[in-house]
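Visitor: You'll find query-v2.pdb just under this line, and it carries PDB, C-alpha atoms.
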```
ATOM      1  CA  MET A 121    -175.379  24.771 -76.649
ATOM      2  CA  SER A 122    -172.962  24.991 -79.574
ATOM      3  CA  GLN A 123    -171.273  21.762 -78.393
ATOM      4  CA  GLY A 124    -174.581  19.962 -78.825
ATOM      5  CA  LEU A 125    -175.031  21.298 -82.348
ATOM      6  CA  PHE A 126    -171.578  20.165 -83.464
ATOM      7  CA  ASP A 127    -171.327  16.878 -81.590
ATOM      8  CA  PRO A 128    -169.016  14.616 -83.721
ATOM      9  CA  ALA A 129    -170.974  11.503 -82.827
ATOM     10  CA  ARG A 130    -174.172  13.187 -83.976
ATOM     11  CA  TRP A 131    -172.780  14.464 -87.251
ATOM     12  CA  LYS A 132    -170.779  11.338 -88.127
ATOM     13  CA  PRO A 133    -171.645  10.265 -91.708
ATOM     14  CA  ALA A 134    -173.699   7.105 -92.028
ATOM     15  CA  PRO A 135    -171.963   4.137 -93.677
ATOM     16  CA  PHE A 136    -172.674   3.400 -97.317
ATOM     17  CA  LEU A 137    -173.922  -0.050 -96.355
ATOM     18  CA  PRO A 138    -175.794  -0.299 -93.034
ATOM     19  CA  GLU A 139    -174.401  -2.623 -90.391
ATOM     20  CA  SER A 140    -177.646  -4.613 -90.385
ATOM     21  CA  ASP A 141    -180.463  -5.109 -92.846
ATOM     22  CA  GLY A 142    -183.900  -6.616 -92.412
ATOM     23  CA  ARG A 143    -183.080  -9.092 -95.193
ATOM     24  CA  ASP A 144    -179.914 -10.376 -93.551
ATOM     25  CA  GLY A 145    -181.783 -12.987 -91.514
ATOM     26  CA  ALA A 146    -183.242 -14.656 -94.608
ATOM     27  CA  LEU A 147    -179.876 -14.573 -96.371
ATOM     28  CA  ILE A 148    -178.092 -16.088 -93.371
ATOM     29  CA  PHE A 149    -180.719 -18.822 -93.104
ATOM     30  CA  VAL A 150    -180.470 -19.797 -96.781
ATOM     31  CA  VAL A 151    -176.663 -19.845 -96.827
ATOM     32  CA  ALA A 152    -176.555 -21.718 -93.500
ATOM     33  CA  VAL A 153    -178.869 -24.414 -94.888
ATOM     34  CA  LEU A 154    -176.702 -24.741 -98.014
ATOM     35  CA  CYS A 155    -173.570 -25.029 -95.870
ATOM     36  CA  PHE A 156    -175.303 -27.615 -93.690
ATOM     37  CA  LEU A 157    -176.109 -29.722 -96.743
ATOM     38  CA  ALA A 158    -172.585 -29.313 -98.128
ATOM     39  CA  CYS A 159    -171.054 -30.498 -94.839
ATOM     40  CA  LEU A 160    -173.383 -33.493 -94.668
ATOM     41  CA  THR A 161    -172.411 -34.366 -98.242
ATOM     42  CA  ALA A 162    -168.714 -34.201 -97.375
ATOM     43  CA  MET A 163    -169.149 -36.409 -94.300
ATOM     44  CA  GLY A 164    -171.263 -38.873 -96.281
ATOM     45  CA  VAL A 165    -168.620 -39.163 -98.995
ATOM     46  CA  LEU A 166    -165.893 -39.761 -96.405
ATOM     47  CA  ALA A 167    -167.954 -42.447 -94.674
ATOM     48  CA  ALA A 168    -168.874 -44.167 -97.951
ATOM     49  CA  ASP A 169    -165.241 -44.162 -99.061
ATOM     50  CA  ARG A 170    -164.215 -45.708 -95.738
ATOM     51  CA  ALA A 171    -166.837 -48.426 -96.124
ATOM     52  CA  ALA A 172    -165.694 -49.191 -99.669
ATOM     53  CA  ARG A 173    -162.052 -49.464 -98.578
ATOM     54  CA  GLY A 174    -163.041 -51.740 -95.717
ATOM     55  CA  TRP A 175    -165.047 -54.044 -97.958
ATOM     56  CA  SER A 176    -162.273 -54.119-100.576
ATOM     57  CA  GLY A 177    -159.727 -54.975 -97.903
ATOM     58  CA  GLN A 178    -161.847 -57.819 -96.581
ATOM     59  CA  LEU A 179    -162.472 -59.273-100.028
ATOM     60  CA  ALA A 180    -158.850 -58.884-101.077
ATOM     61  CA  GLY A 181    -157.762 -60.880 -98.032
ATOM     62  CA  GLU A 182    -159.973 -63.857 -98.820
ATOM     63  CA  ALA A 183    -160.735 -66.297-101.601
ATOM     64  CA  THR A 184    -163.349 -68.975-102.084
ATOM     65  CA  VAL A 185    -162.769 -72.309-103.798
ATOM     66  CA  ILE A 186    -165.671 -74.336-105.189
ATOM     67  CA  VAL A 187    -164.781 -78.036-105.098
ATOM     68  CA  ARG A 188    -166.515 -80.793-107.093
ATOM     69  CA  ALA A 189    -166.045 -84.443-106.251
ATOM     70  CA  ARG A 190    -164.597 -86.777-108.889
ATOM     71  CA  GLY A 191    -165.347 -90.453-109.397
ATOM     72  CA  GLY A 192    -166.106 -92.301-106.198
ATOM     73  CA  GLU A 193    -164.701 -89.539-103.974
ATOM     74  CA  THR A 194    -167.148 -87.933-101.574
ATOM     75  CA  PRO A 195    -167.628 -84.149-101.673
ATOM     76  CA  ASP A 196    -166.354 -83.814 -98.122
ATOM     77  CA  ALA A 197    -163.207 -85.758 -98.920
ATOM     78  CA  ALA A 198    -162.586 -83.639-102.030
ATOM     79  CA  ALA A 199    -162.981 -80.440-100.010
ATOM     80  CA  ALA A 200    -160.607 -81.696 -97.330
ATOM     81  CA  ARG A 201    -158.018 -82.584 -99.989
ATOM     82  CA  ALA A 202    -158.374 -79.162-101.588
ATOM     83  CA  ALA A 203    -157.923 -77.433 -98.231
ATOM     84  CA  GLU A 204    -154.800 -79.488 -97.565
ATOM     85  CA  ALA A 205    -153.360 -78.594-100.979
ATOM     86  CA  LEU A 206    -154.054 -74.882-100.548
ATOM     87  CA  ALA A 207    -152.674 -74.690 -97.015
ATOM     88  CA  GLY A 208    -149.163 -75.251 -98.341
ATOM     89  CA  VAL A 209    -149.281 -72.449-100.922
ATOM     90  CA  THR A 210    -147.072 -69.442-100.246
ATOM     91  CA  GLY A 211    -149.248 -66.442 -99.382
ATOM     92  CA  VAL A 212    -152.048 -68.498 -97.794
ATOM     93  CA  SER A 213    -152.594 -68.083 -94.057
ATOM     94  CA  GLU A 214    -155.385 -70.623 -93.694
ATOM     95  CA  ALA A 215    -157.503 -72.923 -95.865
ATOM     96  CA  ARG A 216    -160.593 -74.423 -94.288
ATOM     97  CA  ALA A 217    -163.258 -76.655 -95.796
ATOM     98  CA  LEU A 218    -166.718 -75.369 -94.917
ATOM     99  CA  GLU A 219    -169.269 -77.655 -93.417
ATOM    100  CA  ARG A 220    -171.929 -79.199 -95.639
ATOM    101  CA  GLU A 221    -174.657 -77.223 -93.890
ATOM    102  CA  LYS A 222    -173.003 -73.921 -94.846
ATOM    103  CA  ALA A 223    -172.901 -74.930 -98.483
ATOM    104  CA  TYR A 224    -176.589 -75.794 -98.316
ATOM    105  CA  ASP A 225    -177.376 -72.474 -96.674
ATOM    106  CA  LEU A 226    -175.698 -70.612 -99.527
ATOM    107  CA  ILE A 227    -177.755 -72.227-102.293
ATOM    108  CA  ARG A 228    -181.030 -72.706-100.422
ATOM    109  CA  PRO A 229    -182.196 -69.094-101.142
ATOM    110  CA  TRP A 230    -181.887 -69.845-104.861
ATOM    111  CA  LEU A 231    -183.436 -73.313-104.884
ATOM    112  CA  GLY A 232    -185.913 -72.860-102.074
ATOM    113  CA  ASP A 233    -186.574 -75.284 -99.260
ATOM    114  CA  VAL A 234    -185.921 -78.501-101.166
ATOM    115  CA  ALA A 235    -186.560 -81.574 -99.048
ATOM    116  CA  ASP A 236    -184.074 -83.843-100.838
ATOM    117  CA  LEU A 237    -181.326 -81.240-101.146
ATOM    118  CA  GLU A 238    -178.811 -83.693 -99.765
ATOM    119  CA  ASP A 239    -179.344 -85.930-102.779
ATOM    120  CA  LEU A 240    -178.202 -83.160-105.164
ATOM    121  CA  PRO A 241    -174.536 -82.976-106.180
ATOM    122  CA  VAL A 242    -173.902 -79.840-104.153
ATOM    123  CA  PRO A 243    -170.247 -78.711-104.405
ATOM    124  CA  ARG A 244    -168.270 -78.027-101.268
ATOM    125  CA  LEU A 245    -166.585 -74.748-100.451
ATOM    126  CA  VAL A 246    -163.127 -74.017 -99.119
ATOM    127  CA  ALA A 247    -162.562 -70.641 -97.434
ATOM    128  CA  VAL A 248    -159.018 -69.375 -97.995
ATOM    129  CA  THR A 249    -157.524 -66.617 -95.846
ATOM    130  CA  LEU A 250    -154.660 -64.884 -97.636
ATOM    131  CA  ASP A 251    -151.527 -63.389 -96.149
ATOM    132  CA  PRO A 252    -152.173 -59.606 -95.950
ATOM    133  CA  LYS A 253    -148.515 -58.786 -96.652
ATOM    134  CA  SER A 254    -147.995 -61.002 -99.708
ATOM    135  CA  PRO A 255    -151.292 -62.657-100.695
ATOM    136  CA  ALA A 256    -151.332 -65.536-103.135
ATOM    137  CA  ASN A 257    -153.075 -64.886-106.424
ATOM    138  CA  ALA A 258    -155.749 -66.970-108.110
ATOM    139  CA  GLN A 259    -153.244 -68.523-110.518
ATOM    140  CA  ALA A 260    -151.098 -69.896-107.694
ATOM    141  CA  LEU A 261    -154.135 -71.398-105.978
ATOM    142  CA  ASP A 262    -155.358 -72.946-109.222
ATOM    143  CA  ARG A 263    -151.957 -74.513-109.912
ATOM    144  CA  ALA A 264    -151.850 -76.070-106.441
ATOM    145  CA  LEU A 265    -155.310 -77.587-106.925
ATOM    146  CA  LYS A 266    -154.492 -79.002-110.353
ATOM    147  CA  ALA A 267    -151.265 -80.469-109.031
ATOM    148  CA  GLN A 268    -153.354 -82.535-106.600
ATOM    149  CA  GLY A 269    -155.946 -83.435-109.214
ATOM    150  CA  VAL A 270    -158.737 -81.488-107.519
ATOM    151  CA  ASP A 271    -161.634 -80.351-109.697
ATOM    152  CA  ALA A 272    -162.198 -76.854-108.361
ATOM    153  CA  VAL A 273    -162.821 -73.230-109.358
ATOM    154  CA  VAL A 274    -161.049 -70.376-107.578
ATOM    155  CA  ASP A 275    -162.935 -67.147-106.907
ATOM    156  CA  ASP A 276    -160.542 -64.423-105.694
ATOM    157  CA  HIS A 277    -163.388 -61.858-105.456
ATOM    158  CA  SER A 278    -161.685 -59.606-108.019
ATOM    159  CA  VAL A 279    -165.005 -58.926-109.762
ATOM    160  CA  TRP A 280    -166.597 -57.781-106.520
ATOM    161  CA  ILE A 281    -163.589 -55.660-105.623
ATOM    162  CA  ASP A 282    -163.727 -53.894-108.986
ATOM    163  CA  ASP A 283    -167.451 -53.265-108.559
ATOM    164  CA  ILE A 284    -166.913 -51.777-105.095
ATOM    165  CA  ARG A 285    -164.125 -49.526-106.350
ATOM    166  CA  ARG A 286    -166.272 -48.309-109.237
ATOM    167  CA  ALA A 287    -169.139 -47.621-106.848
ATOM    168  CA  ALA A 288    -166.834 -45.720-104.507
ATOM    169  CA  GLY A 289    -165.574 -43.635-107.418
ATOM    170  CA  ALA A 290    -169.132 -42.876-108.479
ATOM    171  CA  VAL A 291    -169.984 -41.768-104.928
ATOM    172  CA  ARG A 292    -166.967 -39.460-104.846
ATOM    173  CA  TRP A 293    -167.847 -37.865-108.188
ATOM    174  CA  ALA A 294    -171.500 -37.521-107.166
ATOM    175  CA  GLY A 295    -170.461 -35.877-103.898
ATOM    176  CA  ALA A 296    -168.212 -33.444-105.754
ATOM    177  CA  ALA A 297    -171.040 -32.596-108.155
ATOM    178  CA  VAL A 298    -173.480 -31.990-105.289
ATOM    179  CA  PHE A 299    -170.895 -29.834-103.530
ATOM    180  CA  LEU A 300    -170.382 -27.710-106.646
ATOM    181  CA  LEU A 301    -174.137 -27.331-107.103
ATOM    182  CA  ILE A 302    -174.494 -26.136-103.521
ATOM    183  CA  ALA A 303    -171.625 -23.672-103.965
ATOM    184  CA  GLY A 304    -173.272 -22.399-107.148
ATOM    185  CA  ALA A 305    -176.592 -21.980-105.361
ATOM    186  CA  ALA A 306    -174.904 -20.019-102.558
ATOM    187  CA  ALA A 307    -173.170 -17.789-105.096
ATOM    188  CA  ALA A 308    -176.481 -17.162-106.875
ATOM    189  CA  VAL A 309    -178.168 -16.195-103.601
ATOM    190  CA  VAL A 310    -175.370 -13.762-102.739
ATOM    191  CA  ALA A 311    -175.432 -12.328-106.261
ATOM    192  CA  PHE A 312    -179.166 -11.703-105.954
ATOM    193  CA  ALA A 313    -178.695  -9.993-102.582
ATOM    194  CA  THR A 314    -175.871  -7.873-104.002
ATOM    195  CA  ARG A 315    -177.998  -6.825-106.957
ATOM    196  CA  ALA A 316    -180.843  -5.851-104.617
ATOM    197  CA  GLY A 317    -178.490  -3.885-102.382
ATOM    198  CA  LEU A 318    -176.995  -1.974-105.284
ATOM    199  CA  ALA A 319    -180.400  -1.243-106.767
ATOM    200  CA  ALA A 320    -181.553   0.209-103.447
ATOM    201  CA  ARG A 321    -178.489   2.474-103.324
ATOM    202  CA  LYS A 322    -178.233   3.441-106.974
ATOM    203  CA  ASP A 323    -178.393   7.147-106.199
ATOM    204  CA  VAL A 324    -175.603   6.854-103.627
ATOM    205  CA  VAL A 325    -173.429   4.958-106.123
ATOM    206  CA  GLU A 326    -173.904   7.739-108.684
ATOM    207  CA  VAL A 327    -172.951  10.386-106.104
ATOM    208  CA  LEU A 328    -169.836   8.415-105.179
ATOM    209  CA  HIS A 329    -168.897   8.234-108.854
ATOM    210  CA  LEU A 330    -169.248  11.983-109.173
ATOM    211  CA  SER A 331    -167.089  12.376-106.085
ATOM    212  CA  GLY A 332    -164.298  10.367-107.717
ATOM    213  CA  ALA A 333    -164.784   6.993-105.989
ATOM    214  CA  GLU A 334    -163.436   4.068-108.001
ATOM    215  CA  ASP A 335    -165.572   1.090-108.956
ATOM    216  CA  SER A 336    -163.273  -1.270-107.040
ATOM    217  CA  PHE A 337    -163.823   0.715-103.829
ATOM    218  CA  ILE A 338    -167.621   0.450-104.083
ATOM    219  CA  ALA A 339    -167.494  -3.224-105.053
ATOM    220  CA  ARG A 340    -165.166  -3.943-102.135
ATOM    221  CA  LEU A 341    -167.786  -2.642 -99.703
ATOM    222  CA  PHE A 342    -170.272  -5.260-100.926
ATOM    223  CA  GLN A 343    -167.565  -7.901-101.000
ATOM    224  CA  LEU A 344    -166.636  -7.430 -97.356
ATOM    225  CA  ARG A 345    -170.226  -7.189 -96.172
ATOM    226  CA  PHE A 346    -171.463 -10.364 -97.830
ATOM    227  CA  ALA A 347    -168.266 -12.243 -96.946
ATOM    228  CA  GLN A 348    -168.981 -11.527 -93.291
ATOM    229  CA  ILE A 349    -172.610 -12.604 -93.613
ATOM    230  CA  ALA A 350    -171.685 -15.809 -95.451
ATOM    231  CA  GLY A 351    -168.923 -16.570 -92.955
ATOM    232  CA  LEU A 352    -171.415 -16.335 -90.093
ATOM    233  CA  ALA A 353    -173.935 -18.469 -91.999
ATOM    234  CA  GLY A 354    -171.215 -21.005 -92.786
ATOM    235  CA  LEU A 355    -170.310 -21.196 -89.121
ATOM    236  CA  LEU A 356    -173.929 -21.869 -88.182
ATOM    237  CA  GLY A 357    -174.384 -24.475 -90.932
ATOM    238  CA  ALA A 358    -171.106 -26.221 -90.107
ATOM    239  CA  GLY A 359    -171.996 -26.324 -86.419
ATOM    240  CA  ALA A 360    -175.396 -27.843 -87.169
ATOM    241  CA  ALA A 361    -173.799 -30.424 -89.486
ATOM    242  CA  ALA A 362    -171.224 -31.325 -86.831
ATOM    243  CA  LEU A 363    -174.002 -31.874 -84.298
ATOM    244  CA  ALA A 364    -175.921 -34.027 -86.782
ATOM    245  CA  GLY A 365    -172.793 -36.072 -87.525
ATOM    246  CA  ALA A 366    -172.067 -36.529 -83.826
ATOM    247  CA  ALA A 367    -175.653 -37.646 -83.217
ATOM    248  CA  ALA A 368    -175.408 -40.155 -86.073
ATOM    249  CA  ARG A 369    -172.106 -41.455 -84.716
ATOM    250  CA  LEU A 370    -173.504 -41.897 -81.217
ATOM    251  CA  ALA A 371    -176.722 -43.479 -82.483
ATOM    252  CA  GLY A 372    -174.863 -45.943 -84.686
ATOM    253  CA  GLY A 373    -172.468 -47.254 -82.076
ATOM    254  CA  GLY A 374    -169.114 -48.701 -83.044
ATOM    255  CA  ALA A 375    -169.974 -49.222 -86.710
ATOM    256  CA  GLY A 376    -171.215 -45.689 -87.272
ATOM    257  CA  LEU A 377    -174.691 -44.987 -88.557
ATOM    258  CA  THR A 378    -174.817 -48.246 -90.552
ATOM    259  CA  PRO A 379    -172.170 -50.644 -91.864
ATOM    260  CA  ALA A 380    -172.704 -49.005 -95.267
ATOM    261  CA  LEU A 381    -172.091 -45.520 -93.822
ATOM    262  CA  PRO A 382    -169.567 -45.841 -90.969
ATOM    263  CA  ILE A 383    -169.260 -42.249 -89.776
ATOM    264  CA  ALA A 384    -166.150 -41.684 -87.661
ATOM    265  CA  TRP A 385    -165.368 -38.866 -85.253
ATOM    266  CA  ILE A 386    -162.612 -37.639 -87.547
ATOM    267  CA  ASP A 387    -165.201 -37.024 -90.276
ATOM    268  CA  LEU A 388    -166.546 -34.113 -88.233
ATOM    269  CA  LEU A 389    -163.371 -32.209 -89.108
ATOM    270  CA  ALA A 390    -164.709 -31.914 -92.653
ATOM    271  CA  VAL A 391    -166.936 -29.034 -91.509
ATOM    272  CA  LEU A 392    -163.996 -26.829 -90.451
ATOM    273  CA  PRO A 393    -163.280 -25.254 -93.885
ATOM    274  CA  CYS A 394    -166.972 -24.508 -94.466
ATOM    275  CA  PRO A 395    -167.121 -20.957 -93.006
ATOM    276  CA  LEU A 396    -164.003 -19.894 -94.907
ATOM    277  CA  PHE A 397    -165.224 -21.482 -98.116
ATOM    278  CA  ALA A 398    -168.653 -19.860 -97.764
ATOM    279  CA  ALA A 399    -167.052 -16.462 -97.153
ATOM    280  CA  ALA A 400    -164.766 -16.881-100.171
ATOM    281  CA  VAL A 401    -167.644 -17.882-102.476
ATOM    282  CA  ALA A 402    -169.783 -14.987-101.235
ATOM    283  CA  ALA A 403    -166.949 -12.488-101.582
ATOM    284  CA  LEU A 404    -166.237 -13.581-105.146
ATOM    285  CA  ALA A 405    -169.923 -13.560-106.129
ATOM    286  CA  ALA A 406    -170.505 -10.128-104.550
ATOM    287  CA  ARG A 407    -167.386  -8.665-106.152
ATOM    288  CA  LEU A 408    -168.236  -9.874-109.643
ATOM    289  CA  THR A 409    -171.903  -8.897-109.383
ATOM    290  CA  ALA A 410    -171.210  -5.469-107.915
ATOM    291  CA  GLY A 411    -168.511  -4.711-110.465
ATOM    292  CA  SER A 412    -170.774  -5.694-113.357
ATOM    293  CA  LEU A 413    -173.732  -3.643-112.102
ATOM    294  CA  ILE A 414    -171.600  -0.587-111.356
ATOM    295  CA  ARG A 415    -170.235  -0.628-114.893
ATOM    296  CA  GLU A 416    -173.805  -0.802-116.209
ATOM    297  CA  MET A 417    -174.718   2.308-114.207
ATOM    298  CA  GLU A 418    -171.951   4.381-115.776
TER     299      GLU A 418
END
```
Before we go any further, please render this structure as structure tokens.
Guide:
Amino acid sequence: MSQGLFDPARWKPAPFLPESDGRDGALIFVVAVLCFLACLTAMGVLAADRAARGWSGQLAGEATVIVRARGGETPDAAAARAAEALAGVTGVSEARALEREKAYDLIRPWLGDVADLEDLPVPRLVAVTLDPKSPANAQALDRALKAQGVDAVVDDHSVWIDDIRRAAGAVRWAGAAVFLLIAGAAAAVVAFATRAGLAARKDVVEVLHLSGAEDSFIARLFQLRFAQIAGLAGLLGAGAAALAGAAARLAGGGAGLTPALPIAWIDLLAVLPCPLFAAAVAALAARLTAGSLIREME
């Protein structure tokens, strides 16, 4: 009979923070959604950066020459002479005069379906493939054309390359800003939950103070609890984002979701740090919030 009255398991003190709370489900859901969005943002930035590098590489390896015929020379003859002159330039892998139909196809969207388009002085184009190891620059191509007396304009796509690089930089900065906003939102949610938890246990905090407990000890309890919750939520959000990325990769085939967003399998690794990052953000937010509120109670 006395053993039942003094059973250690029965008289074991309850923890300051319960192992589970009815509000934990909502907190886990919100943090998991934020982690899901953060992981999707990271994968999107990686895919966009890959697309920009691919486009820049393609443009940097090519050049286009616009050839105009002089005197009694036909446009086709001028283009063939320009291609021959460029083929001998160091750093040029191939120079090929495009067919007349391709030149018409390029300007037809601007002029419309003109019946007598062939009567217009349409310039011919020469597609130049540059050596990827040591590509020729626009100045070298221009000198070779002038040496042969060819009236032509060299477009080395440098303007387009600069635009793509600026766009890629803007995407990276936008992704970083979105990521920081999501981290701030997660910290605010954890801070609100910490404030609510401390308010519900204000009397217990005061008793602990009277018993000699330090503020850091009480704050550490909230820090560990919300770090665990956020770590679990981060794991759920990262897993959902990895599944979404895998689905997009499978649906898009070899080029990823779209040519503008070529998601690769390696991009799924971007979700791995998410649980640790979520736990770290939650721990920091809970520690700062709990410490501030405890000092206010003194």
Visitor: Could you state the separation of CA of Val391 in chain A and CA of Leu363 in chain A in Å, given to one decimal place?
Guide: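 Atom-to-atom, CA of Val391 in chain A and CA of Leu363 in chain A are spaced 10.5 Å apart.
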Visitor: Which residue out of A:Ala339, A:Ala202, A:Ala288, A:Ala215 has the minimum interatomic distance to Asp262 in chain A when only C-alpha atoms are used?
Guide: A:Ala202
Visitor: Go through A:Cys155, A:Leu388, A:Val273, A:Ala260 one by one, measure the shortest atom-to-atom distance of each to Arg188 in chain A using only C-alpha atoms, and give the residue with the smallest value.
Guide: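 Looking at the shortest contact to Arg188 in chain A, the residue is A:Val273.
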Visitor: Kindly indicate which residue among A:Ala353, A:Ile338, A:Ala171, A:Ala256 lies nearest to Arg415 in chain A, using only C-alpha atoms for the distances.
Guide: A:Ile338
Visitor: Give me the residues within 10 Å of Ala366 in chain A as a list of chain:residue names, counting only C-alpha atoms and dropping any in the same chain fewer than 3 places off.
Guide: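 Once the nearby chain positions are removed, what remains is A:Ala360, A:Ala361, A:Ala362, A:Leu363, A:Arg369, A:Leu370, A:Ala371, A:Gly372, A:Gly376, A:Ile383, A:Ala384, A:Trp385, A:Asp387, A:Leu388.
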Visitor: Please produce a file of the residues just selected, as an mmCIF file, in the frame of the given file, where the atoms kept are C-alpha atoms.
Guide:
```cif
data_model
loop_
_atom_site.group_PDB
_atom_site.id
_atom_site.type_symbol
_atom_site.label_atom_id
_atom_site.label_comp_id
_atom_site.auth_asym_id
_atom_site.auth_seq_id
_atom_site.Cartn_x
_atom_site.Cartn_y
_atom_site.Cartn_z
ATOM 1 C CA ALA A 360 -175.396 -27.843 -87.169
ATOM 2 C CA ALA A 361 -173.799 -30.424 -89.486
ATOM 3 C CA ALA A 362 -171.224 -31.325 -86.831
ATOM 4 C CA LEU A 363 -174.002 -31.874 -84.298
ATOM 5 C CA ARG A 369 -172.106 -41.455 -84.716
ATOM 6 C CA LEU A 370 -173.504 -41.897 -81.217
ATOM 7 C CA ALA A 371 -176.722 -43.479 -82.483
ATOM 8 C CA GLY A 372 -174.863 -45.943 -84.686
ATOM 9 C CA GLY A 376 -171.215 -45.689 -87.272
ATOM 10 C CA ILE A 383 -169.260 -42.249 -89.776
ATOM 11 C CA ALA A 384 -166.150 -41.684 -87.661
ATOM 12 C CA TRP A 385 -165.368 -38.866 -85.253
ATOM 13 C CA ASP A 387 -165.201 -37.024 -90.276
ATOM 14 C CA LEU A 388 -166.546 -34.113 -88.233
#
```
Visitor: Within 12 Å of (-164.0, -20.7, -93.7) (coordinates as in the file), grab all the protein and nucleic acid residues, counting all atoms listed in the file, and write them out as a PDB file with C-alpha atoms, in the coordinates of the input.
Guide:
```
ATOM      1  CA  CYS A 155    -173.570 -25.029 -95.870  1.00  0.00           C
ATOM      2  CA  ALA A 347    -168.266 -12.243 -96.946  1.00  0.00           C
ATOM      3  CA  GLN A 348    -168.981 -11.527 -93.291  1.00  0.00           C
ATOM      4  CA  ILE A 349    -172.610 -12.604 -93.613  1.00  0.00           C
ATOM      5  CA  ALA A 350    -171.685 -15.809 -95.451  1.00  0.00           C
ATOM      6  CA  GLY A 351    -168.923 -16.570 -92.955  1.00  0.00           C
ATOM      7  CA  LEU A 352    -171.415 -16.335 -90.093  1.00  0.00           C
ATOM      8  CA  ALA A 353    -173.935 -18.469 -91.999  1.00  0.00           C
ATOM      9  CA  GLY A 354    -171.215 -21.005 -92.786  1.00  0.00           C
ATOM     10  CA  LEU A 355    -170.310 -21.196 -89.121  1.00  0.00           C
ATOM     11  CA  LEU A 356    -173.929 -21.869 -88.182  1.00  0.00           C
ATOM     12  CA  GLY A 357    -174.384 -24.475 -90.932  1.00  0.00           C
ATOM     13  CA  ALA A 358    -171.106 -26.221 -90.107  1.00  0.00           C
ATOM     14  CA  ALA A 390    -164.709 -31.914 -92.653  1.00  0.00           C
ATOM     15  CA  VAL A 391    -166.936 -29.034 -91.509  1.00  0.00           C
ATOM     16  CA  LEU A 392    -163.996 -26.829 -90.451  1.00  0.00           C
ATOM     17  CA  PRO A 393    -163.280 -25.254 -93.885  1.00  0.00           C
ATOM     18  CA  CYS A 394    -166.972 -24.508 -94.466  1.00  0.00           C
ATOM     19  CA  PRO A 395    -167.121 -20.957 -93.006  1.00  0.00           C
ATOM     20  CA  LEU A 396    -164.003 -19.894 -94.907  1.00  0.00           C
ATOM     21  CA  PHE A 397    -165.224 -21.482 -98.116  1.00  0.00           C
ATOM     22  CA  ALA A 398    -168.653 -19.860 -97.764  1.00  0.00           C
ATOM     23  CA  ALA A 399    -167.052 -16.462 -97.153  1.00  0.00           C
ATOM     24  CA  ALA A 400    -164.766 -16.881-100.171  1.00  0.00           C
ATOM     25  CA  VAL A 401    -167.644 -17.882-102.476  1.00  0.00           C
ATOM     26  CA  ALA A 402    -169.783 -14.987-101.235  1.00  0.00           C
ATOM     27  CA  ALA A 403    -166.949 -12.488-101.582  1.00  0.00           C
TER      28      ALA A 403
END
```
Visitor: Decode the PyMOL selection byres ((chain A and resi 264) around 12) for the given file into explicit residues and return them as a PyMOL selection string.
Guide: chain A and resi 185+201-210+212+256-263+265-274
Visitor: Smallest atom-to-atom distance to Met163 in chain A: which of A:Ala287, A:Ala296, A:Leu318, A:Ala405, using all atoms listed in the file?
Guide: A:Ala296
Visitor: Mind telling me what the PyMOL selection byres ((chain A and resi 199) around 7) catches here, as a list of chain:residue names?
Guide: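 That selection, the PyMOL selection byres ((chain A and resi 199) around 7), comes back as A:Val187, A:Pro195, A:Asp196, A:Ala197, A:Ala198, A:Ala200, A:Arg201, A:Ala202, A:Ala203, A:Ala217, A:Arg244, A:Leu245, A:Val246.
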Visitor: Fix up range 206-213 of chain A with N, CA, C and O atoms, then write it as a PDB file, in the coordinates of the input.
Guide:
```
ATOM      1  N   LEU A 206    -154.169 -76.337-100.571  1.00  0.00           N
ATOM      2  CA  LEU A 206    -154.054 -74.882-100.548  1.00  0.00           C
ATOM      3  C   LEU A 206    -153.303 -74.384 -99.326  1.00  0.00           C
ATOM      4  O   LEU A 206    -152.706 -73.305 -99.354  1.00  0.00           O
ATOM      5  N   ALA A 207    -153.342 -75.131 -98.241  1.00  0.00           N
ATOM      6  CA  ALA A 207    -152.674 -74.690 -97.015  1.00  0.00           C
ATOM      7  C   ALA A 207    -151.174 -74.565 -97.193  1.00  0.00           C
ATOM      8  O   ALA A 207    -150.516 -73.792 -96.489  1.00  0.00           O
ATOM      9  N   GLY A 208    -150.603 -75.311 -98.130  1.00  0.00           N
ATOM     10  CA  GLY A 208    -149.163 -75.251 -98.341  1.00  0.00           C
ATOM     11  C   GLY A 208    -148.723 -74.225 -99.355  1.00  0.00           C
ATOM     12  O   GLY A 208    -147.521 -74.109 -99.632  1.00  0.00           O
ATOM     13  N   VAL A 209    -149.638 -73.466 -99.920  1.00  0.00           N
ATOM     14  CA  VAL A 209    -149.281 -72.449-100.922  1.00  0.00           C
ATOM     15  C   VAL A 209    -148.719 -71.218-100.226  1.00  0.00           C
ATOM     16  O   VAL A 209    -149.246 -70.744 -99.217  1.00  0.00           O
ATOM     17  N   THR A 210    -147.654 -70.675-100.790  1.00  0.00           N
ATOM     18  CA  THR A 210    -147.072 -69.442-100.246  1.00  0.00           C
ATOM     19  C   THR A 210    -148.060 -68.284-100.417  1.00  0.00           C
ATOM     20  O   THR A 210    -148.579 -68.054-101.511  1.00  0.00           O
ATOM     21  N   GLY A 211    -148.299 -67.554 -99.337  1.00  0.00           N
ATOM     22  CA  GLY A 211    -149.248 -66.442 -99.382  1.00  0.00           C
ATOM     23  C   GLY A 211    -150.616 -66.803 -98.851  1.00  0.00           C
ATOM     24  O   GLY A 211    -151.520 -65.964 -98.865  1.00  0.00           O
ATOM     25  N   VAL A 212    -150.785 -68.046 -98.373  1.00  0.00           N
ATOM     26  CA  VAL A 212    -152.048 -68.498 -97.794  1.00  0.00           C
ATOM     27  C   VAL A 212    -151.858 -68.667 -96.296  1.00  0.00           C
ATOM     28  O   VAL A 212    -150.971 -69.408 -95.845  1.00  0.00           O
ATOM     29  N   SER A 213    -152.682 -67.968 -95.510  1.00  0.00           N
ATOM     30  CA  SER A 213    -152.594 -68.083 -94.057  1.00  0.00           C
ATOM     31  C   SER A 213    -153.388 -69.270 -93.531  1.00  0.00           C
ATOM     32  O   SER A 213    -152.967 -69.953 -92.596  1.00  0.00           O
TER      33      SER A 213
END
```
